[in-house]
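**Q** Dropping in my_file.txt, with compact mmCIF, C-alpha atoms.
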# COMPACT_ATOMS: atom_id res chain seq x y z
CA MET H 1 4.37 27.42 -25.65
CA ASP H 2 1.57 27.83 -23.12
CA PRO H 3 0.39 31.48 -23.17
CA LEU H 4 -0.11 31.36 -19.40
CA PHE H 5 3.64 31.12 -18.90
CA GLU H 6 4.71 33.54 -21.58
CA ASP H 7 5.93 36.66 -19.87
CA GLU H 8 8.92 38.90 -19.80
CA SER H 9 9.83 38.27 -16.15
CA VAL H 10 13.31 37.08 -17.09
CA ASP H 11 13.87 40.16 -19.25
CA VAL H 12 12.45 42.46 -16.57
CA LEU H 13 14.72 40.95 -13.93
CA ALA H 14 17.74 41.35 -16.18
CA GLN H 15 16.80 44.95 -16.96
CA GLU H 16 16.28 45.78 -13.28
CA ASN H 17 19.76 44.55 -12.56
CA GLY H 18 21.16 46.54 -15.48
CA LEU H 19 22.21 43.43 -17.36
CA THR H 20 20.80 44.25 -20.80
CA ASP H 21 21.47 46.90 -23.39
CA SER H 22 24.74 47.93 -21.83
CA PRO H 23 28.31 47.81 -23.10
CA PHE H 24 29.16 45.60 -20.14
CA GLN H 25 26.64 42.88 -21.00
CA ASN H 26 29.36 40.37 -21.82
CA GLN H 27 30.92 40.94 -18.40
CA HIS H 28 27.60 40.17 -16.68
CA SER H 29 26.60 37.18 -18.76
CA HIS H 30 28.00 34.79 -16.11
CA TYR H 31 25.72 36.49 -13.56
CA ILE H 32 22.67 35.91 -15.76
CA GLN H 33 23.68 32.30 -16.33
CA SER H 34 24.06 31.73 -12.60
CA LEU H 35 20.56 33.13 -11.96
CA PHE H 36 18.84 30.88 -14.48
CA GLU H 37 19.14 27.31 -15.63
CA THR H 38 17.81 25.71 -18.77
CA CYS H 39 15.71 22.61 -18.16
CA SER H 40 14.49 20.11 -20.72
CA ILE H 41 11.00 19.00 -19.69
CA GLU H 42 9.10 16.75 -22.08
CA GLY H 43 11.28 17.95 -24.94
CA GLU H 44 10.66 21.65 -24.20
CA ALA H 45 13.57 23.89 -23.18
CA ILE H 46 12.46 26.01 -20.24
CA VAL H 47 14.55 28.63 -18.44
CA LEU H 48 13.95 28.56 -14.68
CA PRO H 49 15.64 30.25 -11.73
CA THR H 50 18.50 28.16 -10.40
CA GLN H 51 17.08 28.17 -6.86
CA ILE H 52 13.97 26.34 -8.07
CA CYS H 53 16.04 23.73 -9.86
CA GLU H 54 18.35 23.09 -6.92
CA ASN H 55 15.86 23.11 -4.05
CA ALA H 56 12.72 20.98 -4.25
CA SER H 57 11.12 22.69 -1.26
CA VAL H 58 11.16 26.06 -3.07
CA LEU H 59 9.29 24.55 -6.00
CA THR H 60 6.72 22.79 -3.81
CA GLU H 61 6.17 26.01 -1.85
CA MET H 62 5.62 27.89 -5.11
CA LEU H 63 3.11 25.27 -6.20
CA SER H 64 1.09 25.28 -2.99
CA SER H 65 -2.68 25.63 -3.35
CA GLU H 66 -2.72 28.76 -1.13
CA LEU H 67 -0.11 30.61 -3.16
CA LEU H 68 -1.64 29.58 -6.46
CA SER H 69 -5.08 30.76 -5.37
CA GLU H 70 -3.59 34.16 -4.47
CA VAL H 71 -1.56 34.58 -7.65
CA LEU H 72 -3.63 33.00 -10.41
CA THR H 73 -6.78 34.53 -11.82
CA LEU H 74 -9.93 32.50 -12.35
CA GLU H 75 -9.21 32.37 -16.09
CA ASP H 76 -5.70 31.04 -15.41
CA VAL H 77 -7.08 28.33 -13.12
CA GLN H 78 -9.70 27.35 -15.71
CA HIS H 79 -6.97 27.18 -18.36
CA LEU H 80 -4.87 24.90 -16.16
CA HIS H 81 -7.94 22.76 -15.40
CA SER H 82 -8.09 21.98 -19.10
CA TYR H 83 -4.92 19.89 -18.63
CA LEU H 84 -6.55 17.72 -15.96
CA PRO H 85 -8.11 14.37 -16.91
CA VAL H 86 -11.62 14.31 -18.34
CA PHE H 87 -14.11 12.71 -15.94
CA LYS H 88 -17.34 10.96 -16.95
CA THR H 89 -19.54 12.45 -14.24
CA ASP H 90 -19.55 15.78 -12.45
CA LEU H 91 -16.63 17.18 -14.40
CA GLU H 92 -16.13 20.43 -12.48
CA THR H 93 -16.34 18.86 -9.01
CA GLU H 94 -13.86 16.14 -9.93
CA ARG H 95 -11.46 18.66 -11.43
CA GLN H 96 -11.65 20.82 -8.28
CA LYS H 97 -10.99 17.73 -6.15
CA THR H 98 -8.04 16.68 -8.32
CA TRP H 99 -6.64 20.23 -8.27
CA ALA H 100 -6.87 20.32 -4.47
CA MET H 101 -5.22 16.90 -4.13
CA LEU H 102 -2.48 17.82 -6.57
CA PHE H 103 -1.34 20.97 -4.81
CA SER H 104 -2.05 19.97 -1.20
CA LYS H 105 0.56 17.19 -1.47
CA GLN H 106 -1.96 14.36 -1.12
CA ASN H 107 -0.93 11.04 -2.56
CA PHE H 108 -2.54 9.67 -5.67
CA MET H 109 -2.08 5.99 -6.48
CA PHE H 110 1.70 6.21 -6.66
CA GLY H 111 2.50 9.45 -4.86
CA ASN H 112 1.98 13.07 -5.77
CA PRO H 113 3.05 14.14 -9.29
CA VAL H 114 4.13 17.59 -8.09
CA GLU H 115 6.44 16.04 -5.50
CA HIS H 116 7.81 13.56 -8.06
CA PHE H 117 8.49 16.43 -10.43
CA SER H 118 10.22 18.55 -7.77
CA ARG H 119 12.42 15.62 -6.68
CA LYS H 120 13.44 14.94 -10.28
CA MET H 121 14.14 18.65 -10.74
CA GLU H 122 16.31 18.72 -7.62
CA CYS H 123 18.23 15.61 -8.74
CA GLY H 124 19.03 17.30 -12.03
CA LEU H 125 17.10 14.90 -14.26
CA TYR H 126 15.77 17.82 -16.31
CA ASN H 127 19.22 19.17 -17.10
CA PRO H 128 19.38 19.15 -20.94
CA ASP H 129 22.58 17.08 -21.03
CA ILE H 130 21.24 14.53 -18.56
CA ALA H 131 17.85 14.40 -20.30
CA GLN H 132 19.55 13.77 -23.65
CA THR H 133 21.75 11.06 -22.12
CA ARG H 134 18.71 9.41 -20.54
CA ASN H 135 16.87 9.46 -23.87
CA LEU H 136 19.86 7.87 -25.63
CA PHE H 137 20.14 5.27 -22.88
CA GLN H 138 16.44 4.41 -23.21
CA LYS H 139 16.80 4.05 -26.99
CA LEU H 140 19.77 1.74 -26.49
CA GLN H 141 17.79 -0.32 -23.98
CA LYS H 142 14.95 -0.69 -26.50
CA LYS H 143 17.42 -1.80 -29.17
CA ASN H 144 18.94 -4.33 -26.78
CA VAL H 145 15.51 -5.71 -25.89
CA LYS H 146 14.63 -6.08 -29.59
CA ARG H 147 17.97 -7.78 -30.29
CA GLU H 148 17.49 -10.17 -27.36
CA GLN H 149 13.96 -10.98 -28.55
CA ARG H 150 15.24 -11.61 -32.06
CA ASN H 151 17.94 -13.95 -30.69
CA TYR H 152 15.40 -15.72 -28.48
CA TYR H 153 13.01 -16.34 -31.37
CA PHE H 154 15.86 -17.41 -33.64
CA ASN H 155 17.05 -19.95 -31.05
CA LEU H 156 13.47 -21.07 -30.43
CA LEU H 157 12.92 -21.58 -34.16
CA GLN H 158 16.11 -23.63 -34.42
CA SER H 159 15.13 -25.83 -31.51
CA VAL H 160 11.60 -26.32 -32.92
CA VAL H 161 13.00 -27.27 -36.33
CA MET H 162 15.48 -29.71 -34.75
CA SER H 163 12.78 -31.22 -32.56
CA ARG H 164 10.45 -31.57 -35.54
CA GLN H 165 13.18 -33.23 -37.57
CA GLN H 166 13.88 -35.69 -34.74
CA LEU H 167 10.17 -36.52 -34.50
CA ILE H 168 9.95 -37.08 -38.27
CA GLU H 169 12.99 -39.36 -38.17
CA ALA H 170 11.56 -41.29 -35.23
CA ALA H 171 8.19 -41.62 -36.96
CA SER H 172 9.82 -42.84 -40.19
CA GLN H 173 11.58 -45.63 -38.31
CA LEU H 174 8.36 -46.95 -36.79
CA PRO H 175 6.71 -49.87 -38.51
CA PRO H 176 3.61 -49.04 -40.57
For the file at hand, write its structure as structure tokens.

**A**
Amino acid sequence: MDPLFEDESVDVLAQENGLTDSPFQNQHSHYIQSLFETCSIEGEAIVLPTQICENASVLTEMLSSELLSEVLTLEDVQHLHSYLPVFKTDLETERQKTWAMLFSKQNFMFGNPVEHFSRKMECGLYNPDIAQTRNLFQKLQKKNVKREQRNYYFNLLQSVVMSRQQLIEAASQLPP
């Protein structure tokens, strides 16, 4: 897991609300579950507040360039820059430009990745059950495509063999 995001904020919040280390923990477990939701993002299980998962505007506000510049340290920003693409010339300037475009909601070639992510989050596409179902569906689609290709090439082979046989028969009936 990324060390930048490893913290005890979930535990601290639960402790502040008196939801841990108490004999009534089982009674409050539904409260904890309603505060947080597990999301499956790129195969990683991440626990996020439910409000972020249900409202895309909250997530985009949290990922604004102004808020990030206030909250993140220079080391954190440099660490996150390491995930940006590698540029051939003027690496630092290009990374700064990409960072600014990413969090100021400017469109790249096909929209802004942060906005795409927040919309998918709001639609529930990162729900573990839905993510697993989507993965299974994609695997089935790949299998179907392979099966259809196999059938296509089988039928093509049969028609080529039949055509070749007809040409051989026609050539054998021609006078020498």

**Q** Separation of atom CA of H:Lys142 and atom CA of H:Val114, in Å?

**A**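 Distance between the two atoms: 28.1 Å.
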
**Q** I'd like the interatomic distance between atom CA of H:Glu122 and atom CA of H:Glu61, to a tenth of an Å.

**A**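 If I compute the distance from atom CA of H:Glu122 to atom CA of H:Glu61, I get 13.8 Å.
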
**Q** Interatomic distance between atom CA of H:Lys120 and atom CA of H:Lys139?

**A**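 These atoms are spaced 20.2 Å apart.
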
**Q** Could you work out an axis-aligned bounding box for all listed atoms of stretch 106-118 of chain H, with 6 Å added on each of the six sides, and give its centre and edge lengths in Å to one decimal, as AutoDock Vina command-line options?

**A**
--center_x 3.8 --center_y 12.3 --center_z -5.8 --size_x 24.8 --size_y 24.6 --size_z 21.3

**Q** Of the residues H:Phe154, H:Pro85, H:Ser64, H:Asn135, which is the one nearest to H:Gln106, using all atoms listed in the file?

**A**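 Closest residue, counting all atoms listed in the file: H:Ser64.
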
**Q** For H:Val47, please output as a PyMOL selection string all residues within 9 Å (counting only C-alpha atoms; exclusion window: fewer than 4 positions along the same chain).

**A** chain H and resi 10+36-40

**Q** Using all atoms listed in the file, give me every residue within 10 Å of (-2.5, 26.1, -1.1) in file coordinates, as an MDAnalysis selection string.

**A** chainID H and resid 61:70 100 102:105
